[in-house]
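Before any comments, here is the structure.
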Amino acid sequence: AEAAAATAAALEVSQRTAAIDSLAPALMDLNRRYKDTDPAGLLTCLHTLRKYVDNLDKNSCDEKFQRINCENAAFKTRVGAFEGAVDVLIGCGFKQGEGVLAVEPDFWRTKGMRLQSALNKFDFLIGQLAK
């Protein structure tokens, strides 16, 4: 039983590491895909993604900010319409569910500097697009 628990814990750490490692490539892919064809839409998408992550960072224990309704009209137009945008949120720790993106209830225990690092990446890309 202890070995199974240790294996499960190691797998969870591995999955979180993979998610963290996937953020930068997901952001680069999103940027590459839309910077020339829809820069204004991309900027709106990045601002929206940043707001979701900032809200989670500041209120990580609040259930309201642990879930994103993917059926919401604003989400669909600002984020869902951009291929790869959901991958960015997954890279920040969200997991895809039935019509929602959500973090685990104990996410706040393990978020560390991960969300702050994501916010810095958003700020850099937004700054580049705003030039």
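Following the order of the structure tokens, chains are lettered A, B, ..., residues in each are numbered from 1, and ligands are numbered from 1.
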
Item to check | Residues of stretch 66-98 of chain A in strand (DSSP E), written as a ChimeraX atom specification | outcome: /A:67-69,95-96

Preceding selection exported with N, CA and C atoms as a PDB file, in the first residue's frame:
ATOM      1  N   ARG A  67     -12.222  27.359 -10.979  1.00  0.00           N
ATOM      2  CA  ARG A  67     -12.939  26.775 -12.124  1.00  0.00           C
ATOM      3  C   ARG A  67     -13.209  27.848 -13.165  1.00  0.00           C
ATOM      4  N   ILE A  68     -13.120  27.455 -14.409  1.00  0.00           N
ATOM      5  CA  ILE A  68     -13.470  28.328 -15.530  1.00  0.00           C
ATOM      6  C   ILE A  68     -14.554  27.620 -16.324  1.00  0.00           C
ATOM      7  N   ASN A  69     -15.665  28.298 -16.524  1.00  0.00           N
ATOM      8  CA  ASN A  69     -16.771  27.755 -17.303  1.00  0.00           C
ATOM      9  C   ASN A  69     -16.461  27.947 -18.788  1.00  0.00           C
ATOM     10  N   LYS A  95      -7.000  21.652 -15.280  1.00  0.00           N
ATOM     11  CA  LYS A  95      -7.262  20.368 -15.936  1.00  0.00           C
ATOM     12  C   LYS A  95      -8.604  20.478 -16.631  1.00  0.00           C
ATOM     13  N   GLN A  96      -8.682  19.865 -17.810  1.00  0.00           N
ATOM     14  CA  GLN A  96      -9.900  19.936 -18.596  1.00  0.00           C
ATOM     15  C   GLN A  96     -10.912  18.925 -18.087  1.00  0.00           C
TER      16      GLN A  96
END

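Those residues that approach A:Lys121 to within 9 Å, counting only C-alpha atoms, are Ala24, Leu27, Gln116 and Ile126 of chain A; same-chain residues fewer than 5 positions away are not listed.
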
Would you put the residues from that selection into a file with N, CA, C and O atoms, as a compact mmCIF listing (two decimals), in the first residue's frame?
# COMPACT_ATOMS: atom_id res chain seq x y z
N ALA A 24 5.43 27.41 -21.47
CA ALA A 24 6.18 28.25 -22.42
C ALA A 24 5.94 27.83 -23.87
O ALA A 24 5.64 28.69 -24.71
N LEU A 27 2.43 28.95 -24.90
CA LEU A 27 2.36 30.39 -25.15
C LEU A 27 3.03 30.77 -26.47
O LEU A 27 2.50 31.59 -27.22
N GLN A 116 3.14 32.99 -10.59
CA GLN A 116 3.86 34.25 -10.77
C GLN A 116 4.74 34.18 -12.01
O GLN A 116 4.84 35.14 -12.77
N ILE A 126 2.46 40.24 -23.79
CA ILE A 126 1.55 41.38 -23.97
C ILE A 126 2.35 42.63 -24.31
O ILE A 126 1.98 43.40 -25.18

Item to check | stretch 28-30 of chain A environment, 8 Å, only C-alpha atoms, sequence neighbours closer than 5 positions dropped, as number ranges by chain | outcome: A: 82-85

Just the selected residues (all heavy atoms), exported as a PDB file, in the first residue's frame, please.
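The resulting file, part02.pdb, is shown below:
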ATOM      1  N   PHE A  82      -9.425  30.668 -29.889  1.00  0.00           N
ATOM      2  CA  PHE A  82      -8.006  30.668 -30.236  1.00  0.00           C
ATOM      3  C   PHE A  82      -7.397  29.300 -29.949  1.00  0.00           C
ATOM      4  O   PHE A  82      -7.232  28.918 -28.786  1.00  0.00           O
ATOM      5  CB  PHE A  82      -7.268  31.771 -29.464  1.00  0.00           C
ATOM      6  CG  PHE A  82      -7.686  33.138 -29.902  1.00  0.00           C
ATOM      7  CD1 PHE A  82      -8.813  33.752 -29.363  1.00  0.00           C
ATOM      8  CD2 PHE A  82      -6.974  33.799 -30.887  1.00  0.00           C
ATOM      9  CE1 PHE A  82      -9.216  34.999 -29.791  1.00  0.00           C
ATOM     10  CE2 PHE A  82      -7.378  35.054 -31.327  1.00  0.00           C
ATOM     11  CZ  PHE A  82      -8.504  35.650 -30.774  1.00  0.00           C
ATOM     12  N   GLU A  83      -7.093  28.604 -31.017  1.00  0.00           N
ATOM     13  CA  GLU A  83      -6.511  27.265 -30.889  1.00  0.00           C
ATOM     14  C   GLU A  83      -5.224  27.345 -30.084  1.00  0.00           C
ATOM     15  O   GLU A  83      -4.347  28.157 -30.382  1.00  0.00           O
ATOM     16  CB  GLU A  83      -6.231  26.697 -32.277  1.00  0.00           C
ATOM     17  CG  GLU A  83      -5.733  25.273 -32.250  1.00  0.00           C
ATOM     18  CD  GLU A  83      -5.448  24.732 -33.649  1.00  0.00           C
ATOM     19  OE1 GLU A  83      -6.012  25.248 -34.629  1.00  0.00           O
ATOM     20  OE2 GLU A  83      -4.647  23.793 -33.733  1.00  0.00           O
ATOM     21  N   GLY A  84      -5.140  26.535 -29.053  1.00  0.00           N
ATOM     22  CA  GLY A  84      -3.951  26.505 -28.211  1.00  0.00           C
ATOM     23  C   GLY A  84      -4.087  27.296 -26.923  1.00  0.00           C
ATOM     24  O   GLY A  84      -3.278  27.138 -26.009  1.00  0.00           O
ATOM     25  N   ALA A  85      -5.119  28.140 -26.802  1.00  0.00           N
ATOM     26  CA  ALA A  85      -5.277  28.954 -25.589  1.00  0.00           C
ATOM     27  C   ALA A  85      -5.585  28.084 -24.366  1.00  0.00           C
ATOM     28  O   ALA A  85      -5.072  28.340 -23.273  1.00  0.00           O
ATOM     29  CB  ALA A  85      -6.362  30.002 -25.797  1.00  0.00           C
TER      30      ALA A  85
END

Checklist entry - Could you work out how far atom CA of A:Thr44 lies from atom CA of A:Glu104, giving the answer in Å with one decimal? => result 26.6 Å

Checklist entry - So which bits of stretch 9-128 of chain A end up helix (DSSP H, G or I) when you DSSP the backbone, as a ChimeraX atom specification? => result /A:9-34,39-58,63-65,73-80,85-91,107-110,114-128

Next on the checklist: Residues within 12 Å of stretch 47-62 of chain A, please, as a VMD selection string. Count only C-alpha atoms; anything in the same chain fewer than 6 positions from it doesn't count.
Outcome noted: chain A and resid 27 30 40 to 41 68 to 69 74 to 80 82 84 to 94 101 to 127 129 to 130

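Between atom CA of A:Pro25 and atom CA of A:Gln66 lies a distance of 23.1 Å.
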